[in-house]
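Colleague: Okay, so here is final12.pdb, and as you'll see once you scroll down, it has PDB, C-alpha atoms, pLDDT in the B column.
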```pdb
ATOM      1  CA  MET A   1     -44.561 223.830 142.746  1.00 64.00           C
ATOM      2  CA  LYS A   2     -40.994 224.650 141.710  1.00 68.00           C
ATOM      3  CA  SER A   3     -39.911 228.256 141.131  1.00 67.00           C
ATOM      4  CA  LYS A   4     -39.158 229.252 137.523  1.00 76.00           C
ATOM      5  CA  ARG A   5     -36.699 231.932 138.578  1.00 77.00           C
ATOM      6  CA  LYS A   6     -33.171 231.776 137.243  1.00 77.00           C
ATOM      7  CA  PRO A   7     -30.593 230.794 139.842  1.00 80.00           C
ATOM      8  CA  ASN A   8     -28.418 233.592 141.159  1.00 85.00           C
ATOM      9  CA  ASN A   9     -25.343 233.870 138.956  1.00 87.00           C
ATOM     10  CA  GLY A  10     -22.668 235.857 140.795  1.00 88.00           C
ATOM     11  CA  PHE A  11     -20.314 235.890 137.815  1.00 90.00           C
ATOM     12  CA  ALA A  12     -22.934 237.367 135.459  1.00 90.00           C
ATOM     13  CA  ARG A  13     -23.925 239.940 138.061  1.00 91.00           C
ATOM     14  CA  ALA A  14     -20.283 240.988 138.593  1.00 92.00           C
ATOM     15  CA  GLU A  15     -19.759 241.221 134.829  1.00 92.00           C
ATOM     16  CA  ARG A  16     -22.852 243.454 134.396  1.00 92.00           C
ATOM     17  CA  SER A  17     -21.680 245.633 137.269  1.00 93.00           C
ATOM     18  CA  CYS A  18     -18.220 246.035 135.713  1.00 92.00           C
ATOM     19  CA  ARG A  19     -19.659 246.877 132.284  1.00 93.00           C
ATOM     20  CA  ALA A  20     -21.833 249.551 133.896  1.00 95.00           C
ATOM     21  CA  LEU A  21     -18.843 250.967 135.806  1.00 95.00           C
ATOM     22  CA  LEU A  22     -16.778 251.233 132.609  1.00 95.00           C
ATOM     23  CA  ARG A  23     -19.678 252.721 130.633  1.00 94.00           C
ATOM     24  CA  THR A  24     -20.593 255.391 133.198  1.00 95.00           C
ATOM     25  CA  ASN A  25     -16.936 256.435 133.568  1.00 96.00           C
ATOM     26  CA  HIS A  26     -16.324 256.470 129.764  1.00 96.00           C
ATOM     27  CA  VAL A  27     -13.207 254.346 130.251  1.00 96.00           C
ATOM     28  CA  ALA A  28     -10.579 254.063 127.528  1.00 95.00           C
ATOM     29  CA  VAL A  29      -7.156 252.432 127.582  1.00 94.00           C
ATOM     30  CA  VAL A  30      -4.575 254.599 125.799  1.00 94.00           C
ATOM     31  CA  ASN A  31      -1.269 253.066 124.704  1.00 92.00           C
ATOM     32  CA  ILE A  32       1.632 255.084 123.252  1.00 90.00           C
ATOM     33  CA  ASP A  33       4.682 253.737 121.410  1.00 87.00           C
ATOM     34  CA  PRO A  34       7.693 253.889 121.361  1.00 83.00           C
ATOM     35  CA  SER A  35       7.558 254.799 125.090  1.00 82.00           C
ATOM     36  CA  GLY A  36       5.210 251.922 125.892  1.00 83.00           C
ATOM     37  CA  SER A  37       3.263 254.149 128.282  1.00 85.00           C
ATOM     38  CA  GLN A  38      -0.296 253.106 128.943  1.00 89.00           C
ATOM     39  CA  ILE A  39      -3.009 254.953 130.873  1.00 92.00           C
ATOM     40  CA  MET A  40      -6.692 254.642 131.605  1.00 94.00           C
ATOM     41  CA  ALA A  41      -8.616 257.796 130.774  1.00 95.00           C
ATOM     42  CA  ASN A  42     -12.148 259.098 130.495  1.00 96.00           C
ATOM     43  CA  TRP A  43     -12.568 259.402 126.713  1.00 95.00           C
ATOM     44  CA  LYS A  44     -15.066 262.245 127.104  1.00 95.00           C
ATOM     45  CA  SER A  45     -13.183 264.476 129.567  1.00 95.00           C
ATOM     46  CA  CYS A  46      -9.651 263.210 128.682  1.00 93.00           C
ATOM     47  CA  ARG A  47      -8.840 263.002 132.392  1.00 95.00           C
ATOM     48  CA  GLN A  48      -6.642 260.165 133.583  1.00 94.00           C
ATOM     49  CA  ILE A  49      -8.417 257.522 135.683  1.00 94.00           C
ATOM     50  CA  GLN A  50      -6.553 256.048 138.645  1.00 94.00           C
ATOM     51  CA  SER A  51      -9.122 253.751 140.183  1.00 94.00           C
ATOM     52  CA  LEU A  52      -8.380 250.213 141.305  1.00 95.00           C
ATOM     53  CA  ALA A  53     -12.055 249.234 140.884  1.00 94.00           C
ATOM     54  CA  ILE A  54     -12.012 250.385 137.255  1.00 95.00           C
ATOM     55  CA  ALA A  55      -8.631 248.725 136.588  1.00 94.00           C
ATOM     56  CA  ASN A  56     -10.008 245.465 137.989  1.00 94.00           C
ATOM     57  CA  ALA A  57     -13.184 245.816 135.909  1.00 94.00           C
ATOM     58  CA  ILE A  58     -11.089 246.209 132.746  1.00 93.00           C
ATOM     59  CA  PHE A  59      -8.828 243.246 133.496  1.00 93.00           C
ATOM     60  CA  ASP A  60     -11.344 240.798 134.966  1.00 92.00           C
ATOM     61  CA  PHE A  61     -13.745 240.395 132.031  1.00 93.00           C
ATOM     62  CA  SER A  62     -13.803 240.198 128.235  1.00 93.00           C
ATOM     63  CA  TYR A  63     -15.426 242.978 126.225  1.00 94.00           C
ATOM     64  CA  ARG A  64     -16.325 243.945 122.684  1.00 94.00           C
ATOM     65  CA  TRP A  65     -13.875 246.749 121.873  1.00 94.00           C
ATOM     66  CA  THR A  66     -13.748 249.789 119.626  1.00 94.00           C
ATOM     67  CA  ILE A  67     -10.125 250.616 118.866  1.00 95.00           C
ATOM     68  CA  TYR A  68      -8.788 253.845 117.420  1.00 96.00           C
ATOM     69  CA  ILE A  69      -5.264 253.434 116.055  1.00 95.00           C
ATOM     70  CA  GLY A  70      -3.249 256.544 115.308  1.00 94.00           C
ATOM     71  CA  ALA A  71       0.195 257.583 114.115  1.00 93.00           C
ATOM     72  CA  MET A  72       1.456 260.978 115.267  1.00 90.00           C
ATOM     73  CA  CYS A  73       3.364 262.559 112.405  1.00 90.00           C
ATOM     74  CA  ARG A  74       5.128 265.810 111.525  1.00 89.00           C
ATOM     75  CA  ASP A  75       5.718 266.859 107.919  1.00 90.00           C
ATOM     76  CA  GLU A  76       8.710 268.734 106.436  1.00 91.00           C
ATOM     77  CA  ARG A  77       7.104 272.101 107.235  1.00 92.00           C
ATOM     78  CA  GLY A  78       6.752 271.141 110.920  1.00 87.00           C
ATOM     79  CA  ALA A  79       2.973 270.668 110.783  1.00 88.00           C
ATOM     80  CA  ASP A  80       1.631 267.971 113.112  1.00 85.00           C
ATOM     81  CA  TYR A  81      -0.961 265.512 111.857  1.00 87.00           C
ATOM     82  CA  ILE A  82      -2.474 262.184 112.822  1.00 89.00           C
ATOM     83  CA  LYS A  83      -3.082 259.319 110.431  1.00 93.00           C
ATOM     84  CA  SER A  84      -5.678 256.993 111.910  1.00 93.00           C
ATOM     85  CA  VAL A  85      -8.098 254.119 111.535  1.00 94.00           C
ATOM     86  CA  GLU A  86     -10.909 252.904 113.781  1.00 95.00           C
ATOM     87  CA  ILE A  87     -11.637 249.186 114.056  1.00 93.00           C
ATOM     88  CA  SER A  88     -13.978 246.907 115.959  1.00 91.00           C
ATOM     89  CA  PRO A  89     -12.408 243.435 116.100  1.00 88.00           C
ATOM     90  CA  GLU A  90     -14.847 240.522 115.847  1.00 88.00           C
ATOM     91  CA  GLY A  91     -15.497 238.818 119.148  1.00 88.00           C
ATOM     92  CA  ILE A  92     -14.842 239.695 122.757  1.00 91.00           C
ATOM     93  CA  TYR A  93     -11.368 240.095 124.200  1.00 92.00           C
ATOM     94  CA  LYS A  94      -9.691 240.551 127.535  1.00 92.00           C
ATOM     95  CA  VAL A  95      -7.608 243.705 127.589  1.00 89.00           C
ATOM     96  CA  GLU A  96      -4.303 241.801 127.700  1.00 89.00           C
ATOM     97  CA  ARG A  97      -5.188 240.009 124.424  1.00 89.00           C
ATOM     98  CA  LEU A  98      -5.995 243.222 122.547  1.00 88.00           C
ATOM     99  CA  THR A  99      -2.546 243.669 121.053  1.00 85.00           C
ATOM    100  CA  ASP A 100      -2.910 240.307 119.280  1.00 86.00           C
ATOM    101  CA  ALA A 101      -6.278 241.399 117.850  1.00 86.00           C
ATOM    102  CA  ILE A 102      -5.045 244.727 116.521  1.00 90.00           C
ATOM    103  CA  GLU A 103      -1.389 244.105 115.646  1.00 90.00           C
ATOM    104  CA  HIS A 104      -2.139 243.550 111.938  1.00 93.00           C
ATOM    105  CA  TYR A 105      -4.093 246.849 111.638  1.00 94.00           C
ATOM    106  CA  TYR A 106      -1.497 248.680 113.726  1.00 93.00           C
ATOM    107  CA  LEU A 107       1.384 247.565 111.512  1.00 94.00           C
ATOM    108  CA  ASP A 108      -0.597 248.342 108.334  1.00 94.00           C
ATOM    109  CA  LEU A 109      -1.229 251.891 109.513  1.00 95.00           C
ATOM    110  CA  ARG A 110       2.402 252.458 110.541  1.00 93.00           C
ATOM    111  CA  ASN A 111       3.682 250.993 107.260  1.00 94.00           C
ATOM    112  CA  GLY A 112       1.324 253.310 105.350  1.00 94.00           C
ATOM    113  CA  CYS A 113       2.933 256.393 106.920  1.00 93.00           C
ATOM    114  CA  ASN A 114       5.919 258.270 105.589  1.00 93.00           C
ATOM    115  CA  PRO A 115       8.757 256.875 107.769  1.00 92.00           C
ATOM    116  CA  ASN A 116      10.369 260.344 107.864  1.00 92.00           C
ATOM    117  CA  HIS A 117       7.177 261.857 109.307  1.00 92.00           C
ATOM    118  CA  ILE A 118       6.220 259.289 111.940  1.00 91.00           C
ATOM    119  CA  LEU A 119       7.098 260.341 115.479  1.00 88.00           C
ATOM    120  CA  ALA A 120       4.968 258.106 117.677  1.00 90.00           C
ATOM    121  CA  SER A 121       1.987 255.850 117.386  1.00 92.00           C
ATOM    122  CA  GLY A 122      -0.604 254.437 119.675  1.00 93.00           C
ATOM    123  CA  TRP A 123      -4.073 253.122 120.180  1.00 94.00           C
ATOM    124  CA  ILE A 124      -7.151 253.957 122.188  1.00 95.00           C
ATOM    125  CA  ALA A 125      -9.295 250.991 123.200  1.00 95.00           C
ATOM    126  CA  ILE A 126     -12.817 251.538 124.495  1.00 96.00           C
ATOM    127  CA  PRO A 127     -14.768 248.555 125.896  1.00 95.00           C
ATOM    128  CA  ALA A 128     -17.991 249.711 124.200  1.00 92.00           C
ATOM    129  CA  ASP A 129     -19.519 250.295 120.795  1.00 91.00           C
ATOM    130  CA  VAL A 130     -18.659 253.968 120.306  1.00 91.00           C
ATOM    131  CA  THR A 131     -17.079 256.035 117.557  1.00 91.00           C
ATOM    132  CA  LEU A 132     -14.392 258.555 118.420  1.00 91.00           C
ATOM    133  CA  GLU A 133     -14.122 261.809 116.525  1.00 90.00           C
ATOM    134  CA  GLU A 134     -10.584 262.503 115.310  1.00 88.00           C
ATOM    135  CA  ALA A 135     -10.391 265.640 117.491  1.00 90.00           C
ATOM    136  CA  GLN A 136     -11.412 263.617 120.558  1.00 92.00           C
ATOM    137  CA  ALA A 137      -8.792 260.955 119.800  1.00 92.00           C
ATOM    138  CA  ALA A 138      -6.140 263.664 119.350  1.00 89.00           C
ATOM    139  CA  LYS A 139      -7.072 265.104 122.777  1.00 91.00           C
ATOM    140  CA  LEU A 140      -6.769 261.645 124.340  1.00 92.00           C
ATOM    141  CA  PHE A 141      -3.373 261.022 122.754  1.00 90.00           C
ATOM    142  CA  HIS A 142      -2.320 264.465 124.014  1.00 87.00           C
ATOM    143  CA  ALA A 143      -3.604 263.668 127.530  1.00 87.00           C
ATOM    144  CA  ALA A 144      -1.560 260.439 127.470  1.00 87.00           C
ATOM    145  CA  GLY A 145       1.521 262.511 126.643  1.00 81.00           C
ATOM    146  CA  ALA A 146       2.049 261.351 123.041  1.00 79.00           C
ATOM    147  CA  TRP A 147       2.992 264.796 121.728  1.00 68.00           C
ATOM    148  CA  ASN A 148       5.170 265.505 124.795  1.00 69.00           C
ATOM    149  CA  LEU A 149       7.187 262.363 124.017  1.00 59.00           C
ATOM    150  CA  VAL A 150       7.464 263.517 120.432  1.00 53.00           C
ATOM    151  CA  LYS A 151       8.838 266.925 121.443  1.00 53.00           C
ATOM    152  CA  ALA A 152      11.332 265.263 123.823  1.00 50.00           C
ATOM    153  CA  ALA A 153      12.550 262.998 120.998  1.00 50.00           C
ATOM    154  CA  ALA A 154      12.846 265.857 118.473  1.00 48.00           C
TER
END
```
Would you mind writing the structure in this file as structure tokens?

Modeller:
Amino acid sequence: MKSKRKPNNGFARAERSCRALLRTNHVAVVNIDPSGSQIMANWKSCRQIQSLAIANAIFDFSYRWTIYIGAMCRDERGADYIKSVEISPEGIYKVERLTDAIEHYYLDLRNGCNPNHILASGWIAIPADVTLEEAQAAKLFHAAGAWNLVKAAA
């Protein structure tokens, strides 16, 4: 009698392992423009992640992403604010293809800002189905140095 067990699929096992690694470490990719700086961070603790295993997990497989796009602005009175939108692009993407998936939303948000107020912009991509609070996103942008870049440019 032949076994009904599924054959061992190393690729699927590696993919599950990577998903679990990213989920348990609350991994987010944070990108800041105009500097072009990009970091991996824990979106809960806002601490930067510098792990080769996690970097490989992010780059090796495609994921369903939640992306928080924000524009760091300062009004005439010197008050800082963030204008933002959260999206979940249809389909699964590798991290290097994300910019193609979000470019339209990113440009829409930037174009909707007062050009005299906009200082920097960026996005936070999380390879999971989660919703970021605005305060949490602001902390992540801060951890990535978005406001520091702004102060340097001012």

Colleague: Have a look at A:Gln136, A:Ala125, A:Thr66, A:His117 and name the one nearest to A:Ile39; count all atoms listed in the file.

Modeller: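 Answer, going by the shortest atom-to-atom distance: A:Ala125.
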
Colleague: Output, as lines of an AutoDock Vina configuration file, the centre and edge lengths in Å (one decimal) of the axis-aligned box that contains all listed atoms of stretch 108-120 of chain A with 3 Å of margin on each side.

Modeller:
```
center_x = 4.6
center_y = 255.1
center_z = 111.5
size_x = 17.6
size_y = 19.5
size_z = 18.3
```

Colleague: Hey, what comes out of the PyMOL selection byres ((chain A and resi 102-107) around 9) on this file? Could you write it as a list in words?

Modeller: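 Evaluating the PyMOL selection byres ((chain A and resi 102-107) around 9) on these coordinates yields Ile67, Ile69, Gly70, Val85, Ile87, Pro89, Leu98, Thr99, Asp100, Ala101, Asp108, Leu109, Arg110, Asn111, Gly112, Ser121, Gly122 and Trp123 of chain A.
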
Colleague: List the spatial neighbours of A:Met72 as a ChimeraX atom specification - criterion: any atom at most 10 Å away, only C-alpha atoms, same-chain residues fewer than 4 positions off excluded.

Modeller: /A:32,80-84,110,113,117-122,138,141,146-147,150

Colleague: Record the distance separating atom CA of A:Trp65 and atom CA of A:Lys94, expressed in Å with one decimal.

Modeller: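 Those two atoms sit 9.4 Å apart.
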
Colleague: Can you turn the PyMOL selection byres ((chain A and resi 15-30) around 6) into a concrete residue list for this file, as a list of chain:residue names?

Modeller: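 Applied to this file, the PyMOL selection byres ((chain A and resi 15-30) around 6) returns A:Ala12, A:Arg13, A:Ala14, A:Asn31, A:Gln38, A:Ile39, A:Met40, A:Ala41, A:Asn42, A:Trp43, A:Ala57, A:Trp123, A:Ile124, A:Ala125, A:Ile126.
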
Colleague: Of the candidates A:Ile58, A:Glu86, A:Gly145, A:Ser51, which shows the shortest atom-to-atom distance to A:Gly36, using all atoms listed in the file?

Modeller: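 Nearest to A:Gly36: A:Gly145.
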
Colleague: Rank A:Glu90, A:Glu76, A:Glu96, A:Asn116 by their smallest atom-to-atom distance to A:Asp129, using all atoms listed in the file, and report the top residue only.

Modeller: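 Going through A:Glu90, A:Glu76, A:Glu96, A:Asn116 one by one, the smallest distance to A:Asp129 is for A:Glu90.
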
Colleague: Given the choices A:Ala79, A:Tyr68, A:Ile49, A:Lys4, which gets closest to A:Ala143 if the distance is worked out from all atoms listed in the file?

Modeller: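 Looking only at the distances to A:Ala143, the closest residue turns out to be A:Ile49.
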
Colleague: Measure the distance from atom CA of A:Gly91 to atom CA of A:Leu140 in Å and round it to one decimal.

Modeller: 25.0 Å

Colleague: Atom CA of A:Tyr93 and atom CA of A:Ser62, how far apart in Å?

Modeller: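 Result for atom CA of A:Ser62 versus atom CA of A:Tyr93: 4.7 Å, one decimal.
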
Colleague: Using only C-alpha atoms, pick whichever of A:Ala53, A:Asn114, A:Arg64, A:Ala137 has the shortest atom-to-atom distance to A:Ile92.

Modeller: A:Arg64
